[in-house]
>>> print(open('target-v2.txt').read())   # compact mmCIF, C-alpha atoms and all ligand atoms
# COMPACT_ATOMS: atom_id res chain seq x y z
CA MET A 1 -56.31 -125.70 -167.51
CA THR A 2 -57.27 -129.09 -166.15
CA LEU A 3 -60.95 -130.00 -166.03
CA THR A 4 -62.09 -131.46 -162.72
CA LEU A 5 -65.14 -132.99 -161.10
CA ASP A 6 -65.81 -129.58 -159.56
CA ASP A 7 -65.96 -128.02 -163.00
CA ALA A 8 -68.53 -130.62 -164.03
CA ARG A 9 -70.60 -129.91 -160.94
CA GLN A 10 -70.40 -126.19 -161.58
CA LEU A 11 -71.75 -126.74 -165.10
CA ASP A 12 -74.61 -128.77 -163.62
CA ARG A 13 -75.44 -125.96 -161.22
CA GLU A 14 -75.58 -123.50 -164.12
CA ASP A 15 -77.71 -125.83 -166.26
CA PRO A 16 -81.28 -124.53 -166.75
CA LEU A 17 -82.45 -128.04 -167.78
CA TYR A 18 -81.01 -129.78 -164.72
CA LYS A 19 -84.43 -130.09 -163.10
CA PHE A 20 -85.71 -132.35 -165.87
CA ARG A 21 -83.50 -135.17 -164.60
CA ASN A 22 -86.02 -135.57 -161.77
CA GLU A 23 -88.74 -136.28 -164.30
CA PHE A 24 -87.02 -139.53 -165.28
CA TYR A 25 -86.36 -142.89 -163.72
CA VAL A 26 -82.59 -142.47 -163.51
CA ARG A 27 -80.79 -145.05 -161.42
CA ASP A 28 -78.36 -143.50 -158.95
CA ASP A 29 -75.80 -146.24 -159.40
CA VAL A 30 -75.80 -146.30 -163.22
CA ILE A 31 -74.64 -143.75 -165.79
CA TYR A 32 -76.92 -144.24 -168.76
CA LEU A 33 -75.43 -143.05 -172.06
CA ASP A 34 -77.56 -145.04 -174.45
CA GLY A 35 -80.52 -142.69 -174.84
CA ASN A 36 -79.89 -142.59 -178.58
CA SER A 37 -80.87 -146.28 -178.77
CA LEU A 38 -83.54 -146.41 -176.11
CA GLY A 39 -84.45 -143.34 -174.08
CA LEU A 40 -85.27 -143.72 -170.40
CA LEU A 41 -88.77 -143.81 -168.96
CA SER A 42 -90.11 -140.54 -167.60
CA LYS A 43 -92.76 -140.34 -164.91
CA ARG A 44 -95.04 -138.47 -167.30
CA ALA A 45 -94.75 -141.16 -169.97
CA GLU A 46 -95.51 -143.79 -167.35
CA GLN A 47 -98.55 -141.83 -166.23
CA SER A 48 -99.91 -141.33 -169.71
CA LEU A 49 -99.62 -145.07 -170.36
CA LEU A 50 -101.43 -145.84 -167.10
CA ASP A 51 -104.12 -143.30 -168.00
CA MET A 52 -104.62 -145.02 -171.31
CA LEU A 53 -105.09 -148.39 -169.63
CA GLU A 54 -107.58 -146.67 -167.36
CA SER A 55 -109.58 -145.42 -170.33
CA TRP A 56 -109.72 -148.95 -171.72
CA LYS A 57 -110.80 -150.19 -168.28
CA ASN A 58 -113.54 -147.57 -167.95
CA PHE A 59 -114.81 -147.03 -171.46
CA GLY A 60 -114.28 -150.26 -173.40
CA ILE A 61 -115.15 -149.62 -177.05
CA ASP A 62 -116.23 -146.06 -176.27
CA GLY A 63 -112.59 -145.16 -175.59
CA TRP A 64 -112.31 -144.57 -179.34
CA THR A 65 -114.38 -141.41 -178.98
CA THR A 66 -114.44 -140.46 -175.30
CA GLY A 67 -111.98 -139.77 -172.50
CA GLU A 68 -109.18 -137.26 -172.39
CA HIS A 69 -107.39 -138.77 -175.40
CA PRO A 70 -109.98 -140.40 -177.68
CA TRP A 71 -108.12 -143.19 -179.49
CA PHE A 72 -109.65 -142.47 -182.89
CA TYR A 73 -107.91 -139.09 -183.03
CA LEU A 74 -104.75 -139.90 -181.05
CA SER A 75 -102.42 -140.41 -184.05
CA GLU A 76 -103.38 -137.04 -185.49
CA SER A 77 -103.35 -135.16 -182.21
CA LEU A 78 -99.91 -136.51 -181.28
CA GLY A 79 -98.74 -135.62 -184.78
CA ASN A 80 -100.00 -132.06 -184.26
CA GLN A 81 -98.03 -131.79 -181.05
CA MET A 82 -94.86 -133.17 -182.59
CA ALA A 83 -94.97 -130.85 -185.58
CA GLU A 84 -92.95 -128.12 -183.91
CA LEU A 85 -90.10 -130.55 -183.26
CA VAL A 86 -89.66 -130.93 -187.01
CA GLY A 87 -90.67 -127.46 -188.16
CA ALA A 88 -93.92 -128.54 -189.78
CA LYS A 89 -97.57 -127.55 -189.82
CA PRO A 90 -99.72 -129.58 -187.41
CA ASP A 91 -101.47 -131.65 -190.07
CA GLU A 92 -98.23 -132.56 -191.88
CA VAL A 93 -97.26 -135.00 -189.11
CA VAL A 94 -98.96 -138.17 -187.91
CA VAL A 95 -97.88 -140.72 -185.31
CA SER A 96 -98.16 -144.14 -186.90
CA GLY A 97 -96.45 -147.43 -187.66
CA SER A 98 -92.73 -147.95 -187.20
CA THR A 99 -89.74 -146.31 -188.83
CA THR A 100 -89.30 -149.11 -191.32
CA VAL A 101 -93.02 -149.43 -192.10
CA ASN A 102 -93.26 -145.68 -192.60
CA LEU A 103 -90.33 -145.73 -195.00
CA HIS A 104 -92.08 -148.53 -196.90
CA GLN A 105 -95.23 -146.42 -197.02
CA LEU A 106 -93.44 -143.26 -198.17
CA ALA A 107 -91.32 -145.05 -200.76
CA ALA A 108 -94.38 -146.95 -202.01
CA THR A 109 -96.06 -143.57 -202.43
CA PHE A 110 -93.31 -141.29 -203.67
CA TYR A 111 -91.01 -143.61 -205.59
CA GLU A 112 -92.57 -143.42 -209.02
CA PRO A 113 -89.99 -144.70 -211.48
CA ARG A 114 -90.70 -143.94 -215.09
CA ASP A 115 -88.82 -143.76 -218.40
CA SER A 116 -85.16 -143.37 -217.55
CA LYS A 117 -85.80 -141.86 -214.08
CA THR A 118 -85.83 -145.10 -212.09
CA LYS A 119 -83.17 -145.02 -209.39
CA ILE A 120 -83.11 -144.38 -205.65
CA LEU A 121 -80.14 -142.57 -204.17
CA ALA A 122 -79.10 -143.51 -200.62
CA ASP A 123 -75.74 -143.85 -198.86
CA GLU A 124 -73.47 -146.66 -197.85
CA LEU A 125 -73.49 -145.67 -194.17
CA ASN A 126 -77.24 -145.80 -193.64
CA PHE A 127 -78.99 -148.11 -191.19
CA PRO A 128 -79.57 -151.57 -192.74
CA SER A 129 -83.35 -151.52 -192.27
CA ASP A 130 -83.66 -148.45 -194.50
CA ILE A 131 -81.56 -150.10 -197.17
CA TYR A 132 -83.59 -153.34 -197.02
CA ALA A 133 -86.82 -151.38 -197.32
CA LEU A 134 -85.57 -149.45 -200.35
CA GLN A 135 -84.31 -152.64 -201.98
CA SER A 136 -87.71 -154.27 -201.58
CA GLN A 137 -89.54 -151.22 -202.92
CA ILE A 138 -87.32 -151.26 -206.01
CA LYS A 139 -88.08 -154.97 -206.50
CA LEU A 140 -91.80 -154.38 -206.05
CA LYS A 141 -91.69 -151.83 -208.87
CA GLY A 142 -90.06 -154.44 -211.11
CA TYR A 143 -86.45 -153.26 -211.04
CA ASP A 144 -83.18 -154.78 -209.88
CA PRO A 145 -81.92 -153.22 -206.64
CA ALA A 146 -78.31 -154.04 -207.54
CA GLU A 147 -78.62 -151.59 -210.39
CA HIS A 148 -81.28 -149.16 -209.14
CA LEU A 149 -80.18 -148.47 -205.58
CA ILE A 150 -77.20 -146.12 -205.62
CA ARG A 151 -75.24 -145.74 -202.40
CA VAL A 152 -73.05 -142.68 -202.04
CA ARG A 153 -69.61 -143.69 -200.78
CA SER A 154 -68.01 -142.31 -197.67
CA ARG A 155 -64.44 -141.05 -198.03
CA ASP A 156 -63.42 -141.90 -194.46
CA GLY A 157 -65.88 -144.62 -193.43
CA HIS A 158 -67.61 -142.28 -190.97
CA THR A 159 -69.00 -139.26 -192.72
CA LEU A 160 -70.47 -138.16 -196.04
CA HIS A 161 -69.59 -135.13 -198.13
CA GLU A 162 -72.61 -133.22 -199.35
CA GLU A 163 -70.85 -132.52 -202.64
CA ASP A 164 -70.41 -136.28 -203.21
CA ILE A 165 -74.14 -136.75 -202.67
CA ILE A 166 -74.99 -133.87 -205.00
CA ALA A 167 -72.65 -135.25 -207.67
CA GLN A 168 -74.74 -138.45 -207.68
CA MET A 169 -78.04 -136.60 -208.16
CA THR A 170 -78.14 -137.53 -211.81
CA ASP A 171 -81.04 -137.54 -214.30
CA ASP A 172 -81.84 -141.21 -213.67
CA VAL A 173 -82.58 -140.63 -209.94
CA ALA A 174 -86.27 -140.57 -209.01
CA LEU A 175 -85.98 -140.46 -205.23
CA ILE A 176 -83.39 -139.67 -202.54
CA VAL A 177 -83.56 -141.07 -198.98
CA LEU A 178 -80.90 -140.01 -196.49
CA PRO A 179 -80.49 -139.83 -192.72
CA SER A 180 -80.59 -136.44 -191.01
CA VAL A 181 -77.94 -137.65 -188.56
CA LEU A 182 -75.79 -140.69 -189.33
CA TYR A 183 -76.42 -143.36 -186.73
CA ARG A 184 -72.77 -144.18 -186.10
CA SER A 185 -70.71 -141.03 -186.46
CA GLY A 186 -73.56 -138.71 -185.49
CA GLN A 187 -72.80 -136.44 -188.48
CA ILE A 188 -75.61 -134.02 -189.32
CA LEU A 189 -76.25 -133.70 -193.03
CA ASP A 190 -77.15 -130.30 -194.46
CA MET A 191 -80.80 -131.07 -195.21
CA LYS A 192 -81.54 -127.60 -196.50
CA ARG A 193 -78.78 -127.69 -199.08
CA LEU A 194 -79.46 -131.29 -200.15
CA THR A 195 -83.16 -130.58 -200.57
CA ALA A 196 -82.51 -127.49 -202.68
CA GLU A 197 -80.07 -129.40 -204.90
CA ALA A 198 -82.46 -132.35 -205.30
CA HIS A 199 -85.32 -130.08 -206.28
CA LYS A 200 -83.17 -128.23 -208.84
CA ARG A 201 -82.93 -131.60 -210.54
CA ASN A 202 -86.56 -132.56 -210.13
CA ILE A 203 -85.85 -135.29 -207.60
CA MET A 204 -88.02 -136.07 -204.55
CA ILE A 205 -86.14 -136.19 -201.25
CA GLY A 206 -86.97 -137.61 -197.82
CA PHE A 207 -85.04 -137.95 -194.56
CA ASP A 208 -84.83 -140.49 -191.76
CA LEU A 209 -84.85 -138.42 -188.55
CA CYS A 210 -84.33 -141.30 -186.07
CA HIS A 211 -81.16 -139.79 -184.62
CA SER A 212 -82.11 -136.14 -184.79
CA ILE A 213 -85.70 -136.05 -183.52
CA GLY A 214 -85.72 -134.73 -179.98
CA ALA A 215 -82.01 -133.91 -180.15
CA ILE A 216 -81.78 -131.13 -182.74
CA PRO A 217 -84.31 -128.65 -184.18
CA HIS A 218 -85.56 -129.09 -187.75
CA SER A 219 -87.21 -126.78 -190.29
CA LEU A 220 -88.69 -129.28 -192.72
CA ASP A 221 -91.23 -126.83 -194.15
CA GLU A 222 -88.74 -124.05 -194.59
CA TRP A 223 -86.30 -126.44 -196.28
CA ASP A 224 -89.15 -127.76 -198.43
CA VAL A 225 -88.36 -131.42 -197.67
CA ASP A 226 -90.84 -133.78 -199.38
CA PHE A 227 -91.22 -136.29 -196.54
CA ALA A 228 -89.58 -137.61 -193.38
CA PHE A 229 -90.02 -140.45 -190.90
CA TRP A 230 -88.62 -141.33 -187.48
CA CYS A 231 -88.94 -143.49 -184.40
CA ASN A 232 -90.02 -142.16 -181.01
CA TYR A 233 -88.11 -144.52 -178.72
CA LYS A 234 -84.65 -142.94 -178.98
CA HIS A 235 -84.28 -139.29 -177.92
CA LEU A 236 -88.07 -138.95 -177.51
CA ASN A 237 -88.25 -141.58 -174.74
CA ALA A 238 -91.60 -143.12 -175.72
CA GLY A 239 -90.60 -146.68 -174.86
CA PRO A 240 -89.36 -149.85 -176.57
CA GLY A 241 -91.12 -150.31 -179.91
CA SER A 242 -93.24 -147.22 -179.42
CA VAL A 243 -95.24 -146.02 -182.40
CA ALA A 244 -93.22 -143.97 -184.91
CA ALA A 245 -94.13 -140.89 -186.94
CA LEU A 246 -93.97 -139.41 -190.40
CA TYR A 247 -94.09 -136.04 -192.12
CA VAL A 248 -95.48 -135.30 -195.54
CA ASN A 249 -95.13 -131.81 -197.01
CA GLU A 250 -98.58 -130.35 -197.55
CA LYS A 251 -97.85 -129.85 -201.23
CA HIS A 252 -98.22 -133.63 -201.52
CA PHE A 253 -101.55 -133.83 -199.73
CA GLY A 254 -104.10 -135.67 -201.82
CA GLN A 255 -101.55 -138.17 -203.13
CA THR A 256 -102.97 -141.70 -202.84
CA PRO A 257 -101.01 -143.70 -200.25
CA GLY A 258 -98.88 -146.47 -201.79
CA LEU A 259 -99.92 -148.81 -198.98
CA ALA A 260 -103.55 -148.09 -198.21
CA GLY A 261 -105.69 -149.27 -195.33
CA TRP A 262 -108.86 -148.10 -193.69
CA PHE A 263 -106.99 -145.69 -191.38
CA SER A 264 -105.77 -143.89 -194.53
CA SER A 265 -109.36 -142.69 -194.80
CA HIS A 266 -110.80 -139.29 -194.39
CA LYS A 267 -112.01 -139.58 -190.79
CA GLU A 268 -115.59 -138.61 -191.55
CA LYS A 269 -115.77 -141.26 -194.27
CA GLN A 270 -113.95 -144.12 -192.56
CA PHE A 271 -117.01 -145.73 -191.03
CA ASP A 272 -119.04 -145.52 -194.23
CA MET A 273 -117.22 -148.79 -194.95
CA GLU A 274 -117.07 -148.16 -198.69
CA HIS A 275 -114.77 -150.23 -200.88
CA THR A 276 -113.45 -147.08 -202.52
CA LEU A 277 -110.96 -145.28 -200.30
CA THR A 278 -111.38 -141.57 -199.74
CA PRO A 279 -107.93 -140.70 -198.34
CA ALA A 280 -107.50 -138.12 -195.59
CA GLU A 281 -106.43 -134.75 -196.95
CA ASN A 282 -103.38 -134.52 -194.70
CA ALA A 283 -100.51 -136.67 -193.41
CA GLY A 284 -103.13 -138.95 -191.82
CA ALA A 285 -103.59 -140.54 -195.26
CA PHE A 286 -100.31 -142.39 -194.77
CA GLN A 287 -101.55 -144.49 -191.87
CA ILE A 288 -102.56 -148.04 -192.63
CA GLY A 289 -104.52 -149.91 -189.95
CA THR A 290 -105.74 -149.53 -186.37
CA PRO A 291 -103.23 -147.49 -184.35
CA HIS A 292 -101.29 -149.19 -181.53
CA ILE A 293 -102.78 -147.08 -178.79
CA LEU A 294 -100.88 -148.52 -175.84
CA SER A 295 -97.58 -148.11 -177.66
CA ALA A 296 -98.38 -144.52 -178.55
CA ALA A 297 -99.61 -143.52 -175.09
CA PRO A 298 -96.19 -142.84 -173.46
CA LEU A 299 -95.54 -140.22 -176.12
CA ILE A 300 -98.30 -138.04 -174.66
CA GLY A 301 -96.36 -137.54 -171.44
CA SER A 302 -93.00 -137.50 -173.13
CA LEU A 303 -93.89 -134.69 -175.52
CA GLU A 304 -94.98 -132.48 -172.62
CA LEU A 305 -91.40 -132.53 -171.37
CA PHE A 306 -90.06 -131.48 -174.76
CA LYS A 307 -92.54 -128.65 -174.89
CA GLU A 308 -91.54 -127.44 -171.44
CA ALA A 309 -87.80 -127.74 -172.02
CA GLY A 310 -87.79 -126.37 -175.58
CA ILE A 311 -85.88 -128.06 -178.38
CA GLU A 312 -83.51 -125.09 -178.81
CA ASN A 313 -82.48 -125.36 -175.15
CA ILE A 314 -82.09 -129.11 -175.47
CA ARG A 315 -79.79 -128.66 -178.46
CA LYS A 316 -77.76 -126.03 -176.66
CA LYS A 317 -77.17 -128.29 -173.68
CA SER A 318 -76.52 -131.33 -175.85
CA LEU A 319 -73.74 -129.49 -177.69
CA LYS A 320 -72.22 -128.43 -174.38
CA LEU A 321 -72.35 -131.99 -173.04
CA THR A 322 -70.69 -133.53 -176.09
CA GLN A 323 -68.07 -130.76 -176.22
CA PHE A 324 -67.33 -131.27 -172.53
CA MET A 325 -67.04 -135.00 -173.13
CA MET A 326 -64.50 -134.46 -175.90
CA ASP A 327 -62.55 -132.01 -173.76
CA VAL A 328 -62.29 -134.51 -170.89
CA ILE A 329 -61.44 -137.34 -173.30
CA ASP A 330 -58.67 -135.22 -174.82
CA GLN A 331 -57.36 -134.54 -171.35
CA GLU A 332 -57.51 -138.10 -170.01
CA LEU A 333 -57.52 -140.69 -172.75
CA MET A 334 -55.16 -139.69 -175.49
CA GLU A 335 -52.48 -142.28 -174.71
CA TYR A 336 -54.94 -145.15 -175.16
CA ASN A 337 -55.41 -145.15 -178.93
CA PHE A 338 -58.98 -143.93 -179.15
CA THR A 339 -59.95 -142.03 -182.28
CA TYR A 340 -63.02 -139.89 -182.92
CA GLY A 341 -65.43 -140.90 -185.65
CA ASN A 342 -67.87 -138.04 -184.94
CA PRO A 343 -67.50 -134.58 -186.49
CA MET A 344 -65.89 -131.98 -184.19
CA GLU A 345 -67.76 -128.92 -185.43
CA ASP A 346 -70.97 -127.93 -183.63
CA HIS A 347 -73.03 -127.57 -186.79
CA GLN A 348 -72.15 -131.11 -187.92
CA ARG A 349 -72.22 -132.89 -184.56
CA GLY A 350 -75.41 -134.70 -183.53
CA GLY A 351 -76.32 -135.91 -180.05
CA HIS A 352 -73.58 -138.43 -179.42
CA ILE A 353 -69.85 -139.02 -179.46
CA TYR A 354 -68.46 -141.90 -181.49
CA LEU A 355 -65.12 -143.34 -180.38
CA GLU A 356 -63.27 -146.07 -182.16
CA HIS A 357 -60.87 -148.58 -180.60
CA ASP A 358 -59.70 -152.04 -181.69
CA GLU A 359 -60.86 -153.44 -178.36
CA ALA A 360 -64.22 -151.62 -178.45
CA ALA A 361 -66.43 -154.68 -177.89
CA ARG A 362 -64.78 -155.66 -174.65
CA ILE A 363 -64.21 -152.11 -173.50
CA CYS A 364 -68.00 -151.72 -173.71
CA LYS A 365 -68.48 -154.87 -171.64
CA ALA A 366 -66.09 -153.53 -169.01
CA LEU A 367 -67.95 -150.20 -169.00
CA LYS A 368 -71.26 -151.97 -168.48
CA ASP A 369 -69.85 -153.95 -165.57
CA ALA A 370 -68.66 -150.66 -164.12
CA ASN A 371 -72.27 -149.38 -164.36
CA VAL A 372 -71.81 -147.15 -167.40
CA VAL A 373 -74.16 -148.00 -170.28
CA PRO A 374 -72.55 -147.24 -173.65
CA ASP A 375 -73.60 -148.54 -177.04
CA PHE A 376 -71.31 -150.81 -179.02
CA ARG A 377 -71.47 -150.74 -182.81
CA ALA A 378 -69.48 -153.45 -184.61
CA PRO A 379 -66.71 -153.73 -185.49
CA LYS A 380 -65.05 -151.16 -183.24
CA GLY A 381 -67.35 -148.28 -182.35
CA ILE A 382 -68.38 -146.95 -178.96
CA ARG A 383 -71.32 -144.54 -178.98
CA LEU A 384 -71.73 -142.35 -175.92
CA ALA A 385 -74.87 -140.23 -175.81
CA PRO A 386 -75.14 -137.74 -172.96
CA VAL A 387 -78.81 -136.79 -173.19
CA ALA A 388 -79.79 -133.21 -172.37
CA LEU A 389 -82.96 -134.03 -170.43
CA TYR A 390 -81.45 -136.51 -167.97
CA ASN A 391 -77.67 -136.70 -168.15
CA THR A 392 -75.35 -134.40 -166.25
CA PHE A 393 -71.90 -132.99 -166.78
CA GLU A 394 -70.91 -135.05 -163.76
CA ASP A 395 -72.09 -138.20 -165.60
CA VAL A 396 -69.81 -137.24 -168.47
CA TYR A 397 -66.82 -136.53 -166.26
CA ARG A 398 -67.23 -139.76 -164.29
CA THR A 399 -67.66 -141.82 -167.44
CA VAL A 400 -64.34 -140.68 -168.82
CA GLN A 401 -62.62 -141.38 -165.49
CA ILE A 402 -64.11 -144.89 -165.41
CA LEU A 403 -63.02 -145.46 -168.99
CA LYS A 404 -59.53 -144.29 -168.13
CA ASP A 405 -59.43 -146.70 -165.23
CA ILE A 406 -60.48 -149.56 -167.48
CA MET A 407 -57.71 -148.70 -169.94
CA LYS A 408 -55.04 -148.10 -167.34
CA HIS A 409 -55.65 -151.37 -165.51
CA GLU A 410 -56.55 -153.22 -168.70
CA THR A 411 -59.63 -154.67 -167.02
CA TYR A 412 -61.27 -154.99 -170.46
CA LYS A 413 -58.90 -157.93 -171.10
CA LYS A 414 -61.06 -160.08 -168.82
CA TYR A 415 -63.74 -160.09 -171.52
CA GLU A 416 -64.00 -161.55 -174.98
CA ASN A 417 -63.75 -158.97 -177.78
CA LYS A 418 -67.05 -160.01 -179.33
CA ARG A 419 -70.44 -158.38 -179.52
CA GLY A 420 -73.58 -159.68 -177.77
CA VAL A 421 -76.75 -160.61 -179.70
CA VAL A 422 -78.18 -157.13 -179.14
CA ALA A 423 -75.41 -154.56 -179.37
C1 LIG B 501 -83.31 -146.82 -185.01
C2 LIG B 501 -83.32 -146.69 -186.49
C3 LIG B 501 -84.22 -147.41 -187.26
C4 LIG B 501 -85.14 -148.42 -186.62
O1 LIG B 501 -86.21 -148.78 -187.40
P1 LIG B 501 -87.45 -149.54 -186.70
O2 LIG B 501 -88.41 -149.74 -187.78
O3 LIG B 501 -87.92 -148.69 -185.57
O4 LIG B 501 -86.90 -150.84 -186.17
C5 LIG B 501 -84.23 -147.21 -188.63
N1 LIG B 501 -83.38 -146.32 -189.21
C6 LIG B 501 -82.48 -145.62 -188.48
C7 LIG B 501 -81.56 -144.66 -189.15
C8 LIG B 501 -82.42 -145.80 -187.11
O5 LIG B 501 -81.53 -145.11 -186.39
>>> encode(input="target-v2.txt", output="structure tokens")
Amino acid sequence: MTLTLDDARQLDREDPLYKFRNEFYVRDDVIYLDGNSLGLLSKRAEQSLLDMLESWKNFGIDGWTTGEHPWFYLSESLGNQMAELVGAKPDEVVVSGSTTVNLHQLAATFYEPRDSKTKILADELNFPSDIYALQSQIKLKGYDPAEHLIRVRSRDGHTLHEEDIIAQMTDDVALIVLPSVLYRSGQILDMKRLTAEAHKRNIMIGFDLCHSIGAIPHSLDEWDVDFAFWCNYKHLNAGPGSVAALYVNEKHFGQTPGLAGWFSSHKEKQFDMEHTLTPAENAGAFQIGTPHILSAAPLIGSLELFKEAGIENIRKKSLKLTQFMMDVIDQELMEYNFTYGNPMEDHQRGGHIYLEHDEAARICKALKDANVVPDFRAPKGIRLAPVALYNTFEDVYRTVQILKDIMKHETYKKYENKRGVVA
């Protein structure tokens, strides 16, 4: 059976989340498939940012304690609202810092090398910033990263095998940091299993949720994960450089933050201005300094949409979109030497499709000129993220047709096969 544009439109008509597309600034002439790098602006996020400016305008310094969203409590209250997206209790999550800063904070706190237990286990496919942060934390504790950072190898260059990770959970490992979803292939790691295996061996484990937050449900408490951290500008659509978030399992409450600052304080004590820190008794302790209120504000509106849509429904639609994309690709593109780098199975497939092609860099340029926004990852990866809240099945169908056109007429040959500065 051949899939057609009508089939795509039928799927859109049956889609219970279709109405959320209207909540976003979606350009009619562009198919945006890069929501896993930077999510689009929603009208609610815009409004909550404007409201925050208004509170600054009206209240000045008193905005810290008055108005609809008093700034002094914003990081905690946003954390409370996000908790259900990660399967946590409200006070186990706080909105703060950036992904990389939060990893620094959590590693500074929970990486406690001693005796022969001194190593950090990560993987060779992780995002460079995470690796740099771990390398610097190892150096700060007086060890050599070349020896103390172990990176699990990938067998195929795209995915990891949980049993390979488990095999490296040896007695000398003090801490494990892994992604929930790999940023290139979109593979979902089995966090429940990895956490159980780490704990059997007395190893702390934390996850980077950048590519899973807002795309797939999590049960961090149920899995007994020690900590997690993520950005809010990808699937959560909180804007470029928006404030990130972190999770700390309540069993670690009371632990002194590795990187302390006055916002690590118990809130009642903070303005006592003592030189001895009394840390907050929840995830709030892992904040450092004054929160970036204007960069957190869009999240207020954005989270409302996630609450209304429901993360289970978002995941359901996301799986349908990526499956439909693969079905149309299989139908239309097989003669053009594309290969899949993403897992095929639902339980392992995150929110995007990852295609590889030797000409990927210039195919992406041709797509952009044809008003489709993909995401190039050097040396030869094309990430395509149909996002449940604002993309349609018609977007997916049209994208594959446009890609086929580019391949058939070789229009990509007009471009240089080289990445741009930001790719
Ligand atoms: C996007 C992303 C980051 C980005 O970190 P920032 O501190 O926000 O720049 C880090 N790790 C992973 C896995 C990512 O996908």
>>> residues_near_ligand(input="target-v2.txt", ligand="ligand LIG 501 (chain B)", cutoff="8 Å", atoms="only C-alpha atoms and all ligand atoms", output="PDB file with C-alpha atoms, in the frame of the given file")
ATOM      1  CA  SER A  37     -80.870-146.280-178.770  1.00  0.00           C
ATOM      2  CA  SER A  98     -92.730-147.950-187.200  1.00  0.00           C
ATOM      3  CA  THR A  99     -89.740-146.310-188.830  1.00  0.00           C
ATOM      4  CA  THR A 100     -89.300-149.110-191.320  1.00  0.00           C
ATOM      5  CA  VAL A 101     -93.020-149.430-192.100  1.00  0.00           C
ATOM      6  CA  ASN A 102     -93.260-145.680-192.600  1.00  0.00           C
ATOM      7  CA  ASN A 126     -77.240-145.800-193.640  1.00  0.00           C
ATOM      8  CA  PHE A 127     -78.990-148.110-191.190  1.00  0.00           C
ATOM      9  CA  PRO A 128     -79.570-151.570-192.740  1.00  0.00           C
ATOM     10  CA  SER A 129     -83.350-151.520-192.270  1.00  0.00           C
ATOM     11  CA  ASP A 130     -83.660-148.450-194.500  1.00  0.00           C
ATOM     12  CA  PRO A 179     -80.490-139.830-192.720  1.00  0.00           C
ATOM     13  CA  VAL A 181     -77.940-137.650-188.560  1.00  0.00           C
ATOM     14  CA  LEU A 182     -75.790-140.690-189.330  1.00  0.00           C
ATOM     15  CA  TYR A 183     -76.420-143.360-186.730  1.00  0.00           C
ATOM     16  CA  ASP A 208     -84.830-140.490-191.760  1.00  0.00           C
ATOM     17  CA  LEU A 209     -84.850-138.420-188.550  1.00  0.00           C
ATOM     18  CA  CYS A 210     -84.330-141.300-186.070  1.00  0.00           C
ATOM     19  CA  HIS A 211     -81.160-139.790-184.620  1.00  0.00           C
ATOM     20  CA  TRP A 230     -88.620-141.330-187.480  1.00  0.00           C
ATOM     21  CA  CYS A 231     -88.940-143.490-184.400  1.00  0.00           C
ATOM     22  CA  LYS A 234     -84.650-142.940-178.980  1.00  0.00           C
ATOM     23  CA  GLY A 241     -91.120-150.310-179.910  1.00  0.00           C
ATOM     24  CA  ALA A 244     -93.220-143.970-184.910  1.00  0.00           C
TER      25      ALA A 244
END
>>> residues_around(input="target-v2.txt", residues="stretch 389-401 of chain A", least_positions_apart="3", cutoff="8 Å", atoms="all atoms listed in the file", output="PyMOL selection string")
chain A and resi 4-5+8-9+11-12+17-18+20-22+24+26+31-33+314+321+324-325+328-329+332-333+372+386+404-405
>>> closest_residue(input="target-v2.txt", among="A:Arg114, A:Arg377, A:His104, A:Lys43", to="A:Tyr25", atoms="all atoms listed in the file")
A:Lys43
>>> closest_residue(input="target-v2.txt", among="A:His158, A:Lys117, A:Lys139, A:Arg383", to="A:Leu175", atoms="only C-alpha atoms")
A:Lys117
>>> residues_near_point(input="target-v2.txt", point="(-90.2, -126.5, -185.9)", cutoff="10 Å", atoms="all atoms listed in the file", output="list in words")
Met82, Ala83, Glu84, Leu85, Val86, Gly87, Ala88, Lys89, Pro217, His218, Ser219, Leu220, Asp221, Glu222, Ile311 and Glu312 of chain A
>>> atom_distance(input="target-v2.txt", atom1="atom CA of A:Glu250", atom2="atom CA of A:Glu92")
6.1 Å
